[in-house]
$ cat model_12.cif   # mmCIF, N, CA and C atoms
data_my_file
loop_
_atom_site.label_atom_id
_atom_site.label_comp_id
_atom_site.auth_asym_id
_atom_site.auth_seq_id
_atom_site.Cartn_x
_atom_site.Cartn_y
_atom_site.Cartn_z
N MET A 158 -15.47 21.65 4.07
CA MET A 158 -16.26 20.45 4.29
C MET A 158 -17.35 20.31 3.22
N GLU A 159 -17.95 21.41 2.82
CA GLU A 159 -18.98 21.36 1.78
C GLU A 159 -18.44 20.78 0.48
N GLU A 160 -17.22 21.17 0.15
CA GLU A 160 -16.61 20.68 -1.09
C GLU A 160 -16.43 19.16 -1.06
N LEU A 161 -15.94 18.64 0.05
CA LEU A 161 -15.75 17.19 0.17
C LEU A 161 -17.09 16.45 0.22
N THR A 162 -18.07 17.05 0.87
CA THR A 162 -19.39 16.44 0.92
C THR A 162 -19.98 16.36 -0.48
N GLY A 163 -19.84 17.43 -1.25
CA GLY A 163 -20.31 17.43 -2.63
C GLY A 163 -19.57 16.42 -3.48
N PHE A 164 -18.27 16.31 -3.25
CA PHE A 164 -17.45 15.33 -3.98
C PHE A 164 -17.96 13.92 -3.73
N VAL A 165 -18.25 13.60 -2.49
CA VAL A 165 -18.72 12.26 -2.13
C VAL A 165 -20.14 12.04 -2.65
N ASN A 166 -21.03 12.98 -2.43
CA ASN A 166 -22.42 12.82 -2.84
C ASN A 166 -22.61 12.93 -4.35
N GLY A 167 -21.63 13.47 -5.04
CA GLY A 167 -21.71 13.60 -6.49
C GLY A 167 -21.56 12.29 -7.23
N ASN A 168 -21.16 11.25 -6.53
CA ASN A 168 -20.96 9.94 -7.15
C ASN A 168 -21.34 8.87 -6.12
N MET A 169 -22.41 8.16 -6.38
CA MET A 169 -22.90 7.17 -5.42
C MET A 169 -21.89 6.06 -5.15
N ASN A 170 -21.04 5.75 -6.12
CA ASN A 170 -20.03 4.71 -5.90
C ASN A 170 -18.97 5.17 -4.91
N ARG A 171 -18.63 6.46 -4.93
CA ARG A 171 -17.68 6.97 -3.91
C ARG A 171 -18.28 6.80 -2.53
N ARG A 172 -19.53 7.19 -2.41
CA ARG A 172 -20.20 7.09 -1.12
C ARG A 172 -20.29 5.63 -0.68
N LYS A 173 -20.60 4.75 -1.62
CA LYS A 173 -20.71 3.32 -1.32
C LYS A 173 -19.38 2.78 -0.79
N VAL A 174 -18.28 3.16 -1.42
CA VAL A 174 -16.96 2.71 -0.97
C VAL A 174 -16.67 3.22 0.44
N LEU A 175 -16.99 4.47 0.71
CA LEU A 175 -16.76 5.02 2.05
C LEU A 175 -17.62 4.31 3.09
N GLU A 176 -18.86 4.02 2.74
CA GLU A 176 -19.74 3.32 3.68
C GLU A 176 -19.23 1.91 3.96
N ILE A 177 -18.71 1.26 2.94
CA ILE A 177 -18.13 -0.08 3.14
C ILE A 177 -16.95 0.01 4.10
N LEU A 178 -16.09 0.99 3.88
CA LEU A 178 -14.92 1.14 4.75
C LEU A 178 -15.32 1.52 6.17
N GLN A 179 -16.42 2.24 6.30
CA GLN A 179 -16.88 2.61 7.64
C GLN A 179 -17.35 1.37 8.40
N SER A 180 -17.97 0.45 7.70
CA SER A 180 -18.49 -0.73 8.38
C SER A 180 -17.47 -1.87 8.48
N LYS A 181 -16.49 -1.90 7.57
CA LYS A 181 -15.54 -3.02 7.53
C LYS A 181 -14.14 -2.65 8.01
N GLU A 182 -13.90 -1.39 8.28
CA GLU A 182 -12.57 -0.90 8.63
C GLU A 182 -11.60 -1.15 7.47
N ALA A 183 -10.35 -1.48 7.74
CA ALA A 183 -9.35 -1.67 6.68
C ALA A 183 -9.71 -2.89 5.84
N THR A 184 -9.81 -2.67 4.54
CA THR A 184 -10.26 -3.71 3.62
C THR A 184 -9.47 -3.65 2.33
N GLU A 185 -9.25 -4.78 1.71
CA GLU A 185 -8.53 -4.83 0.44
C GLU A 185 -9.43 -4.32 -0.69
N PRO A 186 -8.86 -3.62 -1.67
CA PRO A 186 -9.65 -3.11 -2.80
C PRO A 186 -10.48 -4.18 -3.51
N LYS A 187 -9.93 -5.38 -3.62
CA LYS A 187 -10.64 -6.49 -4.27
C LYS A 187 -11.94 -6.81 -3.52
N ARG A 188 -11.85 -6.81 -2.21
CA ARG A 188 -13.03 -7.08 -1.36
C ARG A 188 -14.04 -5.94 -1.46
N ILE A 189 -13.55 -4.70 -1.48
CA ILE A 189 -14.43 -3.55 -1.63
C ILE A 189 -15.20 -3.66 -2.95
N ALA A 190 -14.50 -4.00 -4.01
CA ALA A 190 -15.13 -4.15 -5.34
C ALA A 190 -16.23 -5.20 -5.29
N LYS A 191 -15.97 -6.30 -4.63
CA LYS A 191 -16.95 -7.38 -4.56
C LYS A 191 -18.19 -6.94 -3.78
N ILE A 192 -17.99 -6.31 -2.64
CA ILE A 192 -19.11 -5.87 -1.81
C ILE A 192 -19.92 -4.79 -2.53
N ALA A 193 -19.22 -3.86 -3.19
CA ALA A 193 -19.88 -2.75 -3.87
C ALA A 193 -20.45 -3.14 -5.23
N ARG A 194 -20.09 -4.34 -5.68
CA ARG A 194 -20.51 -4.82 -7.00
C ARG A 194 -20.00 -3.89 -8.11
N LEU A 195 -18.71 -3.59 -8.00
CA LEU A 195 -18.03 -2.76 -8.99
C LEU A 195 -16.89 -3.56 -9.60
N ILE A 196 -16.50 -3.21 -10.82
CA ILE A 196 -15.33 -3.86 -11.39
C ILE A 196 -14.09 -3.33 -10.68
N PRO A 197 -13.06 -4.17 -10.54
CA PRO A 197 -11.86 -3.74 -9.81
C PRO A 197 -11.23 -2.45 -10.35
N ALA A 198 -11.21 -2.26 -11.67
CA ALA A 198 -10.61 -1.04 -12.22
C ALA A 198 -11.37 0.20 -11.76
N ALA A 199 -12.69 0.13 -11.71
CA ALA A 199 -13.50 1.26 -11.24
C ALA A 199 -13.25 1.51 -9.75
N THR A 200 -13.16 0.43 -9.00
CA THR A 200 -12.90 0.55 -7.57
C THR A 200 -11.54 1.19 -7.32
N ASN A 201 -10.53 0.78 -8.06
CA ASN A 201 -9.19 1.37 -7.90
C ASN A 201 -9.20 2.85 -8.23
N GLN A 202 -9.95 3.25 -9.26
CA GLN A 202 -10.06 4.66 -9.63
C GLN A 202 -10.74 5.45 -8.52
N ILE A 203 -11.81 4.92 -7.98
CA ILE A 203 -12.52 5.58 -6.89
C ILE A 203 -11.62 5.72 -5.67
N ILE A 204 -10.90 4.66 -5.33
CA ILE A 204 -9.98 4.71 -4.19
C ILE A 204 -8.92 5.77 -4.42
N ALA A 205 -8.38 5.86 -5.62
CA ALA A 205 -7.37 6.88 -5.94
C ALA A 205 -7.94 8.28 -5.76
N GLU A 206 -9.18 8.50 -6.20
CA GLU A 206 -9.83 9.81 -6.05
C GLU A 206 -10.04 10.13 -4.57
N LEU A 207 -10.51 9.15 -3.82
CA LEU A 207 -10.75 9.35 -2.39
C LEU A 207 -9.44 9.61 -1.66
N GLU A 208 -8.39 8.91 -2.04
CA GLU A 208 -7.08 9.10 -1.42
C GLU A 208 -6.53 10.49 -1.74
N ALA A 209 -6.69 10.93 -2.98
CA ALA A 209 -6.22 12.26 -3.38
C ALA A 209 -6.94 13.37 -2.61
N ASN A 210 -8.15 13.09 -2.16
CA ASN A 210 -8.92 14.07 -1.39
C ASN A 210 -8.80 13.87 0.11
N GLY A 211 -7.91 12.98 0.52
CA GLY A 211 -7.63 12.78 1.94
C GLY A 211 -8.71 12.05 2.72
N LEU A 212 -9.54 11.26 2.02
CA LEU A 212 -10.63 10.56 2.69
C LEU A 212 -10.29 9.13 3.06
N VAL A 213 -9.35 8.53 2.33
CA VAL A 213 -8.89 7.17 2.63
C VAL A 213 -7.37 7.14 2.56
N GLN A 214 -6.81 6.08 3.15
CA GLN A 214 -5.36 5.89 3.11
C GLN A 214 -5.06 4.41 3.11
N LYS A 215 -3.84 4.08 2.69
CA LYS A 215 -3.42 2.68 2.70
C LYS A 215 -3.02 2.28 4.12
N ALA A 216 -3.33 1.04 4.44
CA ALA A 216 -3.00 0.50 5.76
C ALA A 216 -2.68 -0.98 5.61
N ASP A 217 -1.73 -1.47 6.36
CA ASP A 217 -1.41 -2.91 6.33
C ASP A 217 -1.22 -3.44 4.92
N GLY A 218 -0.27 -2.89 4.22
CA GLY A 218 0.02 -3.37 2.87
C GLY A 218 -0.95 -2.82 1.84
N GLU A 219 -1.86 -3.66 1.38
CA GLU A 219 -2.78 -3.25 0.32
C GLU A 219 -4.16 -2.85 0.83
N LYS A 220 -4.39 -2.96 2.09
CA LYS A 220 -5.69 -2.61 2.63
C LYS A 220 -5.89 -1.09 2.62
N ILE A 221 -7.15 -0.70 2.55
CA ILE A 221 -7.54 0.70 2.53
C ILE A 221 -8.39 0.97 3.77
N GLU A 222 -8.21 2.14 4.38
CA GLU A 222 -9.02 2.51 5.53
C GLU A 222 -9.41 3.98 5.44
N LEU A 223 -10.45 4.35 6.17
CA LEU A 223 -10.87 5.74 6.23
C LEU A 223 -9.86 6.56 7.02
N THR A 224 -9.65 7.79 6.62
CA THR A 224 -8.90 8.73 7.43
C THR A 224 -9.88 9.36 8.42
N GLU A 225 -9.38 10.15 9.33
CA GLU A 225 -10.27 10.86 10.25
C GLU A 225 -11.22 11.78 9.48
N THR A 226 -10.70 12.43 8.45
CA THR A 226 -11.53 13.29 7.61
C THR A 226 -12.60 12.46 6.92
N GLY A 227 -12.23 11.31 6.41
CA GLY A 227 -13.19 10.42 5.77
C GLY A 227 -14.31 10.01 6.70
N LYS A 228 -13.96 9.73 7.96
CA LYS A 228 -14.97 9.35 8.95
C LYS A 228 -15.96 10.49 9.19
N VAL A 229 -15.43 11.70 9.30
CA VAL A 229 -16.28 12.87 9.52
C VAL A 229 -17.21 13.09 8.33
N ILE A 230 -16.66 13.01 7.13
CA ILE A 230 -17.44 13.26 5.91
C ILE A 230 -18.54 12.21 5.74
N ILE A 231 -18.23 10.94 5.93
CA ILE A 231 -19.27 9.92 5.74
C ILE A 231 -20.35 10.05 6.82
N ASP A 232 -19.99 10.38 8.04
CA ASP A 232 -20.99 10.62 9.07
C ASP A 232 -21.87 11.81 8.70
N PHE A 233 -21.25 12.85 8.20
CA PHE A 233 -21.98 14.06 7.81
C PHE A 233 -22.93 13.77 6.65
N THR A 234 -22.47 13.04 5.65
CA THR A 234 -23.32 12.77 4.49
C THR A 234 -24.48 11.85 4.85
N ARG A 235 -24.28 10.98 5.79
CA ARG A 235 -25.38 10.11 6.25
C ARG A 235 -26.45 10.91 6.98
N ALA A 236 -26.02 11.97 7.64
CA ALA A 236 -26.97 12.79 8.41
C ALA A 236 -27.83 13.67 7.50
N LEU A 237 -27.42 13.85 6.25
CA LEU A 237 -28.18 14.71 5.32
C LEU A 237 -29.46 14.05 4.87
#

$ encode --input "model_12.cif" --output "structure tokens"
Amino acid sequence: MEELTGFVNGNMNRRKVLEILQSKEATEPKRIAKIARLIPAATNQIIAELEANGLVQKADGEKIELTETGKVIIDFTRAL
């Protein structure tokens, strides 16, 4: 858990994407980029990194949602 927490806290944009998904549930990458004020290419890279670490997954076609692990990690990082 420490490793994933460090991974998320090591980049504020990763944390921002997770927080958006926590509040919006399943969301399209384009919408995440708009809310986070990131360019779509950066958002797609962040989503790929988060997915590779088991924090997000695809849902309903192109939408992205938090995994159970992602929910635990974002709750934990908010408590710090």

$ atom_distance --input "model_12.cif" --atom1 "atom CA of Glu185 of chain A" --atom2 "atom CA of Asn166 of chain A"
22.7 Å

$ atom_distance --input "model_12.cif" --atom1 "atom CA of Ala183 of chain A" --atom2 "atom CA of Glu219 of chain A"
9.3 Å

$ residues_around --input "model_12.cif" --residues "Gly227 of chain A" --least-positions-apart "3" --cutoff "6.5 Å" --atoms "only N, CA and C atoms" --output "short mmCIF file (atom, residue, chain, number, x, y, z; two decimals) with N, CA and C atoms, in the frame of the given file"
data_model
loop_
_atom_site.label_atom_id
_atom_site.label_comp_id
_atom_site.auth_asym_id
_atom_site.auth_seq_id
_atom_site.Cartn_x
_atom_site.Cartn_y
_atom_site.Cartn_z
N GLY A 211 -7.91 12.98 0.52
CA GLY A 211 -7.63 12.78 1.94
C GLY A 211 -8.71 12.05 2.72
N LEU A 212 -9.54 11.26 2.02
CA LEU A 212 -10.63 10.56 2.69
C LEU A 212 -10.29 9.13 3.06
N VAL A 213 -9.35 8.53 2.33
CA VAL A 213 -8.89 7.17 2.63
C VAL A 213 -7.37 7.14 2.56
N LEU A 223 -10.45 4.35 6.17
CA LEU A 223 -10.87 5.74 6.23
C LEU A 223 -9.86 6.56 7.02
N THR A 224 -9.65 7.79 6.62
CA THR A 224 -8.90 8.73 7.43
C THR A 224 -9.88 9.36 8.42
N ILE A 230 -16.66 13.01 7.13
CA ILE A 230 -17.44 13.26 5.91
C ILE A 230 -18.54 12.21 5.74
N ILE A 231 -18.23 10.94 5.93
CA ILE A 231 -19.27 9.92 5.74
C ILE A 231 -20.35 10.05 6.82
N ASP A 232 -19.99 10.38 8.04
CA ASP A 232 -20.99 10.62 9.07
C ASP A 232 -21.87 11.81 8.70
#

$ select_by_dssp --input "model_12.cif" --residues "chain A" --states "helix (DSSP H, G or I)" --output "VMD selection string"
chain A and resid 159 to 166 169 to 181 186 to 193 197 to 209 225 to 236

$ closest_residue --input "model_12.cif" --among "A:Asn168, A:Leu178, A:Phe233, A:Ile221" --to "Ala205 of chain A" --atoms "only C-alpha atoms"
A:Ile221
